[in-house]
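A.B. asks: The structure file entry34.cif (mmCIF, C-alpha atoms) is provided below.
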data_protein
loop_
_atom_site.label_atom_id
_atom_site.label_comp_id
_atom_site.auth_asym_id
_atom_site.auth_seq_id
_atom_site.Cartn_x
_atom_site.Cartn_y
_atom_site.Cartn_z
CA MET A 1 9.11 1.25 37.65
CA ARG A 2 10.75 -2.15 37.75
CA MET A 3 12.66 -2.77 40.97
CA HIS A 4 16.41 -3.40 40.66
CA VAL A 5 17.56 -6.78 41.98
CA ASP A 6 19.66 -5.16 44.72
CA GLN A 7 16.63 -3.14 45.91
CA ARG A 8 14.52 -6.29 45.92
CA HIS A 9 17.15 -8.13 47.97
CA GLU A 10 17.22 -5.32 50.52
CA LEU A 11 13.42 -5.43 50.83
CA VAL A 12 13.49 -9.20 51.29
CA LEU A 13 16.10 -8.84 54.04
CA LYS A 14 14.13 -6.05 55.73
CA LEU A 15 10.89 -8.03 55.80
CA VAL A 16 12.51 -11.27 56.96
CA ARG A 17 14.50 -9.43 59.65
CA GLU A 18 11.32 -7.76 60.94
CA ARG A 19 9.18 -10.89 60.98
CA GLY A 20 11.69 -13.64 61.70
CA SER A 21 10.14 -15.91 59.06
CA ILE A 22 7.77 -15.55 56.12
CA ARG A 23 6.43 -17.92 53.46
CA VAL A 24 8.03 -17.57 50.03
CA ALA A 25 4.65 -17.34 48.34
CA ASP A 26 3.48 -14.58 50.69
CA LEU A 27 6.73 -12.66 50.22
CA ALA A 28 6.46 -12.87 46.43
CA ALA A 29 2.88 -11.56 46.54
CA GLU A 30 3.84 -8.72 48.89
CA LEU A 31 6.69 -7.60 46.62
CA GLY A 32 4.64 -8.04 43.46
CA VAL A 33 7.06 -10.47 41.77
CA SER A 34 6.70 -14.01 40.52
CA SER A 35 7.43 -16.96 42.77
CA VAL A 36 10.21 -18.01 40.40
CA THR A 37 11.92 -14.63 40.75
CA LEU A 38 11.50 -14.60 44.51
CA ARG A 39 12.87 -18.14 44.88
CA ARG A 40 15.91 -17.09 42.85
CA ASP A 41 16.41 -14.10 45.17
CA VAL A 42 16.10 -16.28 48.26
CA GLU A 43 18.56 -18.81 46.85
CA THR A 44 21.11 -16.05 46.25
CA LEU A 45 20.68 -14.59 49.73
CA ALA A 46 20.83 -18.05 51.32
CA GLU A 47 24.11 -18.81 49.52
CA GLN A 48 25.48 -15.60 51.04
CA GLY A 49 24.33 -16.72 54.49
CA ARG A 50 21.98 -13.75 54.86
CA VAL A 51 18.75 -15.80 55.14
CA ARG A 52 17.79 -19.45 55.58
CA ARG A 53 15.41 -21.50 53.45
CA LEU A 54 13.20 -23.86 55.42
CA HIS A 55 10.15 -25.80 54.17
CA GLY A 56 8.85 -23.13 51.79
CA SER A 57 9.70 -20.29 54.16
CA VAL A 58 12.46 -17.72 54.47
CA VAL A 59 13.97 -17.48 57.96
CA TRP A 60 16.25 -14.85 59.47
CA PRO A 61 19.48 -16.80 60.06
CA HIS A 62 19.99 -15.95 63.73
CA ASP A 63 16.45 -16.26 65.05
CA PRO A 64 16.02 -19.82 66.38
CA GLN A 65 12.42 -19.05 67.44
CA ALA A 66 11.63 -18.15 63.83
CA ALA A 67 13.06 -21.45 62.67
CA ASP A 68 10.88 -23.24 65.19
CA ARG A 69 7.80 -21.36 63.93
CA ALA A 70 8.61 -22.24 60.32
CA ALA A 71 9.19 -25.93 61.09
CA PRO A 72 7.42 -26.80 64.36
CA SER A 73 7.98 -30.52 63.93
CA ALA A 74 11.78 -30.14 63.88
CA PRO A 75 13.50 -30.87 67.19
CA ALA A 76 15.23 -27.92 68.82
CA ALA A 77 19.02 -27.87 68.69
CA PRO A 78 20.74 -28.52 72.00
CA ALA A 79 21.92 -25.49 73.93
CA GLY A 80 25.30 -27.09 74.48
CA GLY A 81 26.97 -30.32 75.53
CA GLY A 82 24.30 -32.44 73.80
CA GLN A 83 24.82 -33.82 70.35
CA GLY A 84 28.00 -31.94 69.53
CA PRO A 85 30.21 -28.98 70.36
CA VAL A 86 28.91 -25.43 70.24
CA ILE A 87 31.01 -22.75 68.51
CA GLY A 88 30.54 -19.15 69.56
CA MET A 89 31.36 -16.65 66.81
CA VAL A 90 31.76 -12.92 67.50
CA VAL A 91 31.75 -10.74 64.38
CA PRO A 92 31.15 -7.02 63.87
CA THR A 93 28.17 -7.64 61.59
CA THR A 94 26.57 -10.33 59.45
CA ASP A 95 26.10 -7.94 56.53
CA TYR A 96 28.31 -7.47 53.50
CA TYR A 97 31.77 -9.09 53.88
CA PHE A 98 30.99 -11.15 56.96
CA ALA A 99 27.82 -12.75 55.59
CA ALA A 100 29.97 -15.17 53.57
CA VAL A 101 32.48 -15.69 56.41
CA VAL A 102 29.68 -16.68 58.78
CA ALA A 103 28.09 -18.90 56.11
CA GLY A 104 31.36 -20.78 55.63
CA ALA A 105 31.79 -21.30 59.37
CA ARG A 106 28.20 -22.48 59.76
CA GLU A 107 28.52 -25.01 56.94
CA ALA A 108 31.80 -26.40 58.27
CA ALA A 109 30.37 -26.68 61.79
CA ALA A 110 27.23 -28.47 60.58
CA ALA A 111 29.30 -30.91 58.51
CA ARG A 112 31.05 -32.02 61.71
CA GLY A 113 27.96 -32.18 63.90
CA ALA A 114 28.60 -28.89 65.67
CA ARG A 115 26.39 -25.88 66.16
CA LEU A 116 27.34 -22.25 65.46
CA VAL A 117 25.91 -19.40 67.55
CA ILE A 118 26.53 -15.73 66.80
CA GLY A 119 27.35 -12.62 68.79
CA LEU A 120 27.43 -9.21 67.09
CA SER A 121 29.61 -6.33 68.24
CA GLN A 122 28.48 -3.72 65.67
CA TYR A 123 32.02 -2.29 66.04
CA LEU A 124 31.07 -0.95 69.51
CA PRO A 125 33.86 -0.54 72.09
CA HIS A 126 34.02 -3.38 74.66
CA GLU A 127 31.16 -5.26 72.95
CA ASP A 128 33.50 -8.00 71.67
CA ARG A 129 34.26 -9.06 75.23
CA ALA A 130 30.63 -8.79 76.32
CA GLN A 131 29.40 -10.91 73.42
CA ALA A 132 32.07 -13.55 74.01
CA ALA A 133 31.11 -13.75 77.68
CA ARG A 134 27.44 -14.11 76.76
CA LEU A 135 28.15 -16.93 74.32
CA LEU A 136 30.29 -18.79 76.85
CA SER A 137 27.65 -18.38 79.54
CA THR A 138 25.06 -20.04 77.28
CA GLY A 139 27.21 -23.07 76.47
CA ALA A 140 29.76 -22.23 73.77
CA ASP A 141 32.77 -24.55 73.95
CA GLY A 142 35.14 -22.36 71.92
CA LEU A 143 35.25 -19.02 70.15
CA LEU A 144 35.78 -17.66 66.65
CA LEU A 145 36.67 -13.99 67.12
CA THR A 146 36.78 -11.01 64.78
CA PRO A 147 37.44 -8.20 67.26
CA SER A 148 36.62 -4.59 66.39
CA TRP A 149 40.24 -3.56 66.01
CA GLY A 150 40.30 -0.44 63.86
CA HIS A 151 43.35 -1.41 61.80
CA GLY A 152 42.89 -5.18 62.01
CA VAL A 153 45.45 -5.44 64.83
CA PRO A 154 45.00 -4.64 68.54
CA GLU A 155 46.20 -1.54 70.27
CA PRO A 156 48.14 -2.29 73.49
CA GLY A 157 45.86 -3.96 76.01
CA GLN A 158 42.93 -4.49 73.62
CA GLU A 159 43.52 -8.20 73.23
CA GLU A 160 44.42 -9.39 76.73
CA TRP A 161 40.86 -10.47 77.54
CA ILE A 162 40.98 -13.09 74.78
CA ALA A 163 43.69 -15.08 76.54
CA GLN A 164 41.63 -15.03 79.74
CA GLN A 165 38.59 -16.90 78.36
CA GLY A 166 39.85 -20.37 79.24
CA VAL A 167 38.57 -21.96 76.01
CA PRO A 168 40.15 -22.47 72.57
CA ALA A 169 39.84 -19.38 70.38
CA VAL A 170 40.65 -18.63 66.74
CA LEU A 171 41.10 -15.15 65.29
CA VAL A 172 39.20 -14.66 62.02
CA GLU A 173 40.33 -11.98 59.54
CA ARG A 174 42.43 -10.42 62.28
CA TRP A 175 46.05 -10.77 63.40
CA ALA A 176 48.23 -9.71 66.31
CA PRO A 177 51.85 -8.51 66.16
CA LEU A 178 54.73 -10.45 67.68
CA GLY A 179 54.90 -9.96 71.42
CA SER A 180 51.14 -9.50 71.74
CA PRO A 181 49.28 -12.01 73.96
CA ALA A 182 47.05 -12.74 70.96
CA ALA A 183 49.98 -13.53 68.65
CA ALA A 184 50.05 -17.13 69.91
CA LEU A 185 46.40 -17.75 69.01
CA ASP A 186 45.36 -19.78 66.01
CA ARG A 187 44.19 -17.50 63.23
CA VAL A 188 42.79 -17.65 59.71
CA ARG A 189 42.78 -14.56 57.54
CA THR A 190 42.95 -13.29 53.98
CA ASP A 191 46.29 -11.97 52.75
CA HIS A 192 44.88 -8.61 51.64
CA ALA A 193 48.36 -7.28 50.89
CA HIS A 194 48.73 -10.04 48.31
CA GLY A 195 45.35 -9.09 46.87
CA ALA A 196 46.40 -5.48 46.40
CA ALA A 197 49.68 -6.56 44.81
CA LEU A 198 47.77 -8.91 42.49
CA ALA A 199 45.67 -5.97 41.27
CA VAL A 200 48.70 -3.73 40.74
CA ARG A 201 50.53 -6.43 38.83
CA HIS A 202 47.56 -7.01 36.55
CA LEU A 203 47.26 -3.30 35.81
CA ALA A 204 51.00 -3.11 35.11
CA SER A 205 50.63 -6.01 32.67
CA LEU A 206 48.13 -3.88 30.76
CA GLY A 207 50.73 -1.15 30.38
CA HIS A 208 49.87 1.17 33.27
CA ARG A 209 52.86 2.85 34.90
CA THR A 210 51.14 4.78 37.69
CA VAL A 211 48.53 3.04 39.85
CA ALA A 212 46.69 4.86 42.63
CA LEU A 213 45.12 3.37 45.75
CA ALA A 214 41.83 4.77 47.06
CA ALA A 215 40.83 2.79 50.15
CA GLN A 216 38.14 3.60 52.69
CA GLU A 217 39.15 3.51 56.33
CA SER A 218 38.82 -0.10 57.50
CA PRO A 219 40.83 -2.97 59.02
CA THR A 220 41.61 -4.01 55.43
CA ALA A 221 43.05 -0.67 54.33
CA VAL A 222 46.39 -1.00 56.12
CA GLN A 223 47.18 -4.28 54.39
CA LEU A 224 46.06 -2.92 51.02
CA ALA A 225 48.48 -0.01 51.39
CA ILE A 226 51.33 -2.40 52.23
CA GLY A 227 50.63 -4.63 49.24
CA HIS A 228 50.13 -1.71 46.87
CA ALA A 229 53.40 -0.04 47.87
CA ALA A 230 55.36 -3.29 47.71
CA ALA A 231 54.07 -4.12 44.22
CA VAL A 232 54.76 -0.60 42.91
CA GLU A 233 58.35 -0.86 44.13
CA ALA A 234 58.89 -4.44 42.93
CA LEU A 235 57.55 -3.66 39.45
CA GLY A 236 59.43 -0.38 39.15
CA LEU A 237 56.26 1.65 38.65
CA ASP A 238 56.00 5.39 39.15
CA PRO A 239 54.57 6.27 42.58
CA ALA A 240 51.11 7.85 42.70
CA PRO A 241 50.19 10.59 45.16
CA ARG A 242 48.76 9.27 48.42
CA SER A 243 45.06 9.41 49.07
CA PRO A 244 44.08 12.17 51.52
CA LEU A 245 42.22 9.54 53.56
CA GLU A 246 45.58 8.00 54.47
CA LEU A 247 46.59 11.31 56.02
CA GLU A 248 43.31 12.43 57.60
CA PRO A 249 40.23 10.22 58.20
CA SER A 250 36.95 11.25 56.63
CA ARG A 251 34.29 12.93 58.74
CA ASP A 252 31.45 10.91 57.26
CA GLU A 253 30.48 8.93 54.16
CA SER A 254 29.73 12.02 52.07
CA ASP A 255 33.10 13.52 52.93
CA ARG A 256 34.81 10.25 52.02
CA PHE A 257 33.27 10.17 48.56
CA ASP A 258 33.90 13.88 47.91
CA ARG A 259 37.57 13.71 48.89
CA THR A 260 38.18 10.44 47.06
CA LEU A 261 36.58 11.86 43.91
CA GLU A 262 38.78 14.96 44.06
CA TYR A 263 41.82 12.80 44.70
CA LEU A 264 41.23 10.58 41.67
CA CYS A 265 40.36 13.47 39.35
CA ASP A 266 43.49 15.33 40.44
CA ALA A 267 45.62 12.16 40.14
CA VAL A 268 44.48 11.63 36.55
CA GLY A 269 44.61 15.26 35.48
CA LYS A 270 47.86 16.34 37.14
CA HIS A 271 49.93 13.30 38.07
CA GLY A 272 49.64 10.90 35.14
CA VAL A 273 47.65 8.25 37.00
CA THR A 274 45.94 5.91 34.55
CA ALA A 275 44.76 3.12 36.88
CA ALA A 276 43.47 2.70 40.42
CA LEU A 277 42.57 0.10 43.03
CA VAL A 278 39.44 1.19 44.92
CA HIS A 279 38.22 -0.30 48.20
CA SER A 280 35.44 -1.26 48.33
CA ASP A 281 33.53 -2.23 45.18
CA ALA A 282 30.47 -0.48 46.61
CA ASP A 283 32.55 2.71 46.78
CA ALA A 284 33.73 2.13 43.22
CA ILE A 285 30.13 1.83 41.99
CA VAL A 286 29.33 5.20 43.57
CA LEU A 287 32.49 6.87 42.26
CA ILE A 288 32.41 5.80 38.61
CA PRO A 289 29.45 7.93 37.48
CA ARG A 290 30.85 10.87 39.44
CA LEU A 291 34.21 10.44 37.71
CA GLN A 292 32.55 10.28 34.31
CA ALA A 293 30.55 13.44 35.09
CA ARG A 294 33.92 15.12 35.68
CA GLY A 295 35.25 13.90 32.33
CA VAL A 296 37.23 10.91 33.63
CA ARG A 297 36.11 7.87 31.66
CA VAL A 298 36.39 4.34 33.04
CA PRO A 299 38.29 2.41 31.75
CA GLU A 300 39.51 4.69 28.93
CA ASP A 301 41.07 7.36 31.16
CA LEU A 302 41.21 5.40 34.40
CA ALA A 303 41.38 1.60 34.50
CA LEU A 304 39.78 0.52 37.74
CA ILE A 305 39.91 -2.56 39.94
CA ALA A 306 37.67 -2.84 42.99
CA TYR A 307 38.46 -4.73 46.19
CA ASP A 308 35.99 -7.13 47.86
CA ASP A 309 33.84 -8.43 44.96
CA GLU A 310 30.60 -8.29 46.89
CA VAL A 311 28.54 -6.49 44.23
CA ALA A 312 31.20 -5.66 41.62
CA GLY A 313 29.68 -7.88 38.94
CA LEU A 314 26.29 -6.15 39.29
CA ALA A 315 27.53 -2.67 38.32
CA ASP A 316 26.38 -1.08 35.04
CA LEU A 317 30.01 -1.39 34.01
CA PRO A 318 30.95 -4.76 35.56
CA LEU A 319 33.95 -4.20 37.77
CA THR A 320 37.14 -6.18 37.73
CA ALA A 321 37.59 -7.05 41.39
CA VAL A 322 39.86 -8.76 43.89
CA ALA A 323 37.81 -11.42 45.67
CA PRO A 324 38.90 -12.51 49.16
CA PRO A 325 37.98 -16.17 49.87
CA LYS A 326 35.51 -15.17 52.58
CA ARG A 327 33.52 -18.39 52.77
CA VAL A 328 36.67 -20.51 52.92
CA VAL A 329 38.09 -18.30 55.69
CA GLY A 330 35.04 -19.04 57.83
CA ALA A 331 35.10 -22.75 57.06
CA LEU A 332 38.81 -23.21 57.83
CA ALA A 333 38.49 -21.21 61.05
CA ALA A 334 35.62 -23.41 62.22
CA ASP A 335 37.50 -26.59 61.30
CA LEU A 336 40.59 -25.37 63.15
CA LEU A 337 38.58 -24.59 66.28
CA LEU A 338 36.83 -27.96 66.15
CA ASP A 339 40.23 -29.66 65.86
CA ARG A 340 41.30 -27.87 69.06
CA LEU A 341 38.12 -28.87 70.85
CA ALA A 342 38.62 -32.50 69.78
CA GLU A 343 42.19 -32.48 71.14
CA HIS A 344 40.90 -31.19 74.46
CA SER A 345 38.02 -33.65 74.75
CA GLN A 346 40.19 -36.64 73.81
CA GLY A 347 43.12 -35.64 75.99
CA ALA A 348 45.40 -35.69 72.94
CA PRO A 349 48.66 -33.71 72.83
CA ALA A 350 48.09 -30.20 71.52
CA GLN A 351 49.34 -29.67 68.00
CA PRO A 352 51.33 -26.53 67.11
CA ARG A 353 49.26 -23.39 66.72
CA ARG A 354 48.54 -22.36 63.14
CA HIS A 355 48.53 -19.05 61.31
CA VAL A 356 46.70 -19.62 58.03
CA GLU A 357 46.69 -17.00 55.28
CA LEU A 358 44.56 -17.42 52.16
CA LEU A 359 45.20 -15.68 48.87
CA PRO A 360 42.46 -13.70 47.08
CA GLU A 361 41.62 -14.06 43.40
CA LEU A 362 41.36 -11.40 40.72
CA ARG A 363 38.16 -11.65 38.67
CA VAL A 364 38.59 -9.80 35.40
CA ARG A 365 35.58 -7.95 34.02
CA GLN A 366 35.28 -4.71 32.05
CA SER A 367 36.39 -1.84 34.28
CA CYS A 368 40.13 -2.43 33.86
CA GLY A 369 40.04 -2.43 30.06
CA ALA A 370 41.12 -6.08 29.69
CA ALA A 371 39.22 -8.97 28.15
CA ALA A 372 36.67 -10.08 30.74
CA GLY A 373 36.07 -13.57 32.03
CA SER A 374 39.39 -14.72 33.47
CA THR A 375 40.26 -15.39 37.11
CA LEU A 376 43.81 -14.89 38.37
CA SER A 377 45.23 -16.06 41.68
CA GLU A 378 48.91 -15.26 41.24
#
Show the structure stored in the file as structure tokens.
C.D. replies:
Amino acid sequence: MRMHVDQRHELVLKLVRERGSIRVADLAAELGVSSVTLRRDVETLAEQGRVRRLHGSVVWPHDPQAADRAAPSAPAAPAGGGQGPVIGMVVPTTDYYFAAVVAGAREAAAARGARLVIGLSQYLPHEDRAQAARLLSTGADGLLLTPSWGHGVPEPGQEEWIAQQGVPAVLVERWAPLGSPAAALDRVRTDHAHGAALAVRHLASLGHRTVALAAQESPTAVQLAIGHAAAVEALGLDPAPRSPLELEPSRDESDRFDRTLEYLCDAVGKHGVTAALVHSDADAIVLIPRLQARGVRVPEDLALIAYDDEVAGLADLPLTAVAPPKRVVGALAADLLLDRLAEHSQGAPAQPRRHVELLPELRVRQSCGAAAGSTLSE
């Protein structure tokens, strides 16, 4: 049976992660695909920041020893204080959403002669602080931080350690409320509330009067709910019933899908819902065939827009999706931190702190029932 491109990508990532580096030709032979196909896969994964291409080899992006093995003649990068500043970046993961954020930060750092080093928290309690301390101890001059705050904002006391680091720090895809010690930090994030409102407005323009929101529990979900509710009110739409996940968190992934499926089927059958925004697009891909098995056709009975646009275009029914500017978020955050480091090193007066919010785009495909191919940003 021919392997789906997503399955092939996962195998490539698994093998490169296990070995650190592997020649493209050897990887193609091991997977039983042509070198042309494998190079195309590697190019796609490299653009997402999930692997590196280096002299005919594929290298795991955060394994400097692997890079040295793949290119032994290349000089090692300085550990800090050598040819340029070192940026420490703490993120929950380098998979999915954050692959592009990290890629953008790495590219911006390299363009200015800086080096990016990564710490991963894996959403573990207290690991953000431990990873930041490790990066600073090995020479990082400043920090890009995406703390593991469950709702995207800190609970009281969760953020105080950030102000104690003694180096410039920028929050990435996180924010802190007024009065919080972290509220005065520079930050760069996506305006997810705007993204949700953009989706609702597009669905309303297609004639839908009741638009549901089905969002998995995540730091993004709170902002999606705010934007969805604001757009429904501003456009005078009929309110949809709330997702049960807003009232009681799911026990596990299976429970999340089961309850979301029941919610959407009930919303369509009993409450007149004809459209929905689903977070994430991976969830939407799982839900659509289950909806259709229950007699709810997409987009005929339920026009659907996904949120994230990681894999939305690869679905059997290509999904209209809201696309956060992930790569640009990472790049602007790195540039902002480097500006702060330059002020410090040059003894220049500190410029006002900045809170930068970037607006997502809506990429129209087939799942919402509109003509595909357009991109909307407002």
A.B. asks: Record the distance separating CA of Asp301 (chain A) and CA of Ser218 (chain A), expressed in Å with one decimal.
C.D. replies: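 Those two atoms sit 27.5 Å apart.
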A.B. asks: List as a list in words the protein and nucleic acid residues near Leu336 (chain A), meaning an atom at most 10 Å away when only C-alpha atoms are counted, but skip any in the same chain fewer than 6 places from it.
C.D. replies: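 Everything that qualifies: Leu144, Pro168, Ala169, Val170, Asp186, Arg187, Val188, Gly330, Ala342, Arg353, Arg354 and Val356 of chain A.
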A.B. asks: Pick the closest to Leu31 (chain A) from A:Glu217, A:Val273, A:His355, A:Arg8: which is it, counting all atoms listed in the file?
C.D. replies: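 Once distances to Leu31 (chain A) are computed over all atoms listed in the file, the minimum belongs to A:Arg8.
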A.B. asks: So what do you get for CA of Ser57 (chain A) versus CA of Val33 (chain A), distance-wise?
C.D. replies: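 Taking CA of Ser57 (chain A) as the start and CA of Val33 (chain A) as the end point, the length is 16.0 Å.
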A.B. asks: Carefully work through the PyMOL selection byres ((chain A and resi 88-102) around 7) for this structure and note down the residues it includes, as number ranges by chain.
C.D. replies: A: 48-50, 86-87, 103-106, 116-123, 128, 131-132, 135, 140, 142-148, 326-327, 329-330
A.B. asks: So the first atom is CA of Asp335 (chain A) and the second is CA of Thr190 (chain A); what is the distance between them in Å, to one decimal place?
C.D. replies: 16.1 Å
A.B. asks: Mind telling me what the PyMOL selection byres ((chain A and resi 262) around 12) catches here, as a CSV table (one decimal) with C-alpha atoms, keeping the file's coordinate frame?
C.D. replies:
chain,number,residue,atom,x,y,z
A,214,ALA,CA,41.8,4.8,47.1
A,243,SER,CA,45.1,9.4,49.1
A,244,PRO,CA,44.1,12.2,51.5
A,245,LEU,CA,42.2,9.5,53.6
A,255,ASP,CA,33.1,13.5,52.9
A,256,ARG,CA,34.8,10.2,52.0
A,257,PHE,CA,33.3,10.2,48.6
A,258,ASP,CA,33.9,13.9,47.9
A,259,ARG,CA,37.6,13.7,48.9
A,260,THR,CA,38.2,10.4,47.1
A,261,LEU,CA,36.6,11.9,43.9
A,263,TYR,CA,41.8,12.8,44.7
A,264,LEU,CA,41.2,10.6,41.7
A,265,CYS,CA,40.4,13.5,39.4
A,266,ASP,CA,43.5,15.3,40.4
A,267,ALA,CA,45.6,12.2,40.1
A,268,VAL,CA,44.5,11.6,36.6
A,269,GLY,CA,44.6,15.3,35.5
A,270,LYS,CA,47.9,16.3,37.1
A,287,LEU,CA,32.5,6.9,42.3
A,290,ARG,CA,30.8,10.9,39.4
A,291,LEU,CA,34.2,10.4,37.7
A,294,ARG,CA,33.9,15.1,35.7
A,296,VAL,CA,37.2,10.9,33.6
A.B. asks: Which residue out of A:Leu206, A:Leu27, A:Ala108, A:Ala46 has the minimum interatomic distance to Leu332 (chain A) when all atoms listed in the file are used?
C.D. replies: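 So, comparing all the options, the nearest one is A:Ala108.
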A.B. asks: From the options A:Leu11, A:Gly347, A:Leu277, A:Ile22, which residue's atoms come nearest to His228 (chain A), counting all atoms listed in the file?
C.D. replies: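 Closest to His228 (chain A), using all atoms listed in the file: A:Leu277.
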A.B. asks: Can you give me, as a ChimeraX atom specification, the residues this file yields under the PyMOL selection byres ((chain A and resi 366) around 9)?
C.D. replies: /A:299,304,317-320,364-365,367-373
A.B. asks: Pick from A:Leu359, A:Leu178, A:Ala306, A:Ala333: nearest to Asp191 (chain A), with only C-alpha atoms counted?
C.D. replies: A:Leu359
A.B. asks: Need the shell around Gln158 (chain A): protein/DNA/RNA residues with any atom at most 12 Å away, counting all atoms listed in the file. Skip same-chain ones fewer than 3 positions apart. Format as a list in words?
C.D. replies: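 Neighbouring residues, sequence-local ones excluded: Pro125, His126, Glu127, Asp128, Arg129, Pro147, Ser148, Trp149, Gly150, Gly152, Val153, Pro154, Glu155, Trp161, Ile162, Ala163, Ala176, Ser180, Pro181 and Ala182 of chain A.
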A.B. asks: Tell me, as a count of residues only, which residues lie within 10 Å of His279 (chain A), counting all atoms listed in the file; anything in the same chain fewer than 4 positions away does not count.
C.D. replies: 19
A.B. asks: As a PDB file, in the frame of the given file, could you write out region 212-228 of chain A once it has been completed with N, CA and C atoms?
C.D. replies:
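Once written, selection.pdb looks like this:
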ATOM      1  N   ALA A 212      47.082   4.258  41.359  1.00  0.00           N
ATOM      2  CA  ALA A 212      46.690   4.860  42.630  1.00  0.00           C
ATOM      3  C   ALA A 212      45.955   3.855  43.499  1.00  0.00           C
ATOM      4  N   LEU A 213      45.906   4.147  44.798  1.00  0.00           N
ATOM      5  CA  LEU A 213      45.120   3.370  45.750  1.00  0.00           C
ATOM      6  C   LEU A 213      44.150   4.311  46.446  1.00  0.00           C
ATOM      7  N   ALA A 214      42.866   3.994  46.369  1.00  0.00           N
ATOM      8  CA  ALA A 214      41.830   4.770  47.060  1.00  0.00           C
ATOM      9  C   ALA A 214      41.055   3.806  47.947  1.00  0.00           C
ATOM     10  N   ALA A 215      41.424   3.759  49.222  1.00  0.00           N
ATOM     11  CA  ALA A 215      40.830   2.790  50.150  1.00  0.00           C
ATOM     12  C   ALA A 215      40.085   3.520  51.254  1.00  0.00           C
ATOM     13  N   GLN A 216      38.868   3.064  51.545  1.00  0.00           N
ATOM     14  CA  GLN A 216      38.140   3.600  52.690  1.00  0.00           C
ATOM     15  C   GLN A 216      38.811   3.148  53.974  1.00  0.00           C
ATOM     16  N   GLU A 217      38.563   3.871  55.058  1.00  0.00           N
ATOM     17  CA  GLU A 217      39.150   3.510  56.330  1.00  0.00           C
ATOM     18  C   GLU A 217      38.511   2.219  56.834  1.00  0.00           C
ATOM     19  N   SER A 218      39.330   1.191  57.046  1.00  0.00           N
ATOM     20  CA  SER A 218      38.820  -0.100  57.500  1.00  0.00           C
ATOM     21  C   SER A 218      39.992  -0.950  57.960  1.00  0.00           C
ATOM     22  N   PRO A 219      39.733  -2.065  58.650  1.00  0.00           N
ATOM     23  CA  PRO A 219      40.830  -2.970  59.020  1.00  0.00           C
ATOM     24  C   PRO A 219      41.592  -3.502  57.809  1.00  0.00           C
ATOM     25  N   THR A 220      40.959  -3.508  56.645  1.00  0.00           N
ATOM     26  CA  THR A 220      41.610  -4.010  55.430  1.00  0.00           C
ATOM     27  C   THR A 220      42.577  -3.004  54.839  1.00  0.00           C
ATOM     28  N   ALA A 221      42.327  -1.719  55.051  1.00  0.00           N
ATOM     29  CA  ALA A 221      43.050  -0.670  54.330  1.00  0.00           C
ATOM     30  C   ALA A 221      44.550  -0.700  54.574  1.00  0.00           C
ATOM     31  N   VAL A 222      44.959  -0.998  55.812  1.00  0.00           N
ATOM     32  CA  VAL A 222      46.390  -1.000  56.120  1.00  0.00           C
ATOM     33  C   VAL A 222      47.123  -2.030  55.268  1.00  0.00           C
ATOM     34  N   GLN A 223      46.548  -3.237  55.174  1.00  0.00           N
ATOM     35  CA  GLN A 223      47.180  -4.280  54.390  1.00  0.00           C
ATOM     36  C   GLN A 223      47.165  -3.959  52.889  1.00  0.00           C
ATOM     37  N   LEU A 224      46.104  -3.319  52.428  1.00  0.00           N
ATOM     38  CA  LEU A 224      46.060  -2.920  51.020  1.00  0.00           C
ATOM     39  C   LEU A 224      47.178  -1.926  50.710  1.00  0.00           C
ATOM     40  N   ALA A 225      47.411  -0.987  51.607  1.00  0.00           N
ATOM     41  CA  ALA A 225      48.480  -0.010  51.390  1.00  0.00           C
ATOM     42  C   ALA A 225      49.843  -0.681  51.345  1.00  0.00           C
ATOM     43  N   ILE A 226      50.052  -1.676  52.221  1.00  0.00           N
ATOM     44  CA  ILE A 226      51.330  -2.400  52.230  1.00  0.00           C
ATOM     45  C   ILE A 226      51.534  -3.144  50.914  1.00  0.00           C
ATOM     46  N   GLY A 227      50.505  -3.865  50.472  1.00  0.00           N
ATOM     47  CA  GLY A 227      50.630  -4.630  49.240  1.00  0.00           C
ATOM     48  C   GLY A 227      50.777  -3.749  48.021  1.00  0.00           C
ATOM     49  N   HIS A 228      50.040  -2.654  47.983  1.00  0.00           N
ATOM     50  CA  HIS A 228      50.130  -1.710  46.870  1.00  0.00           C
ATOM     51  C   HIS A 228      51.530  -1.127  46.763  1.00  0.00           C
TER      52      HIS A 228
END
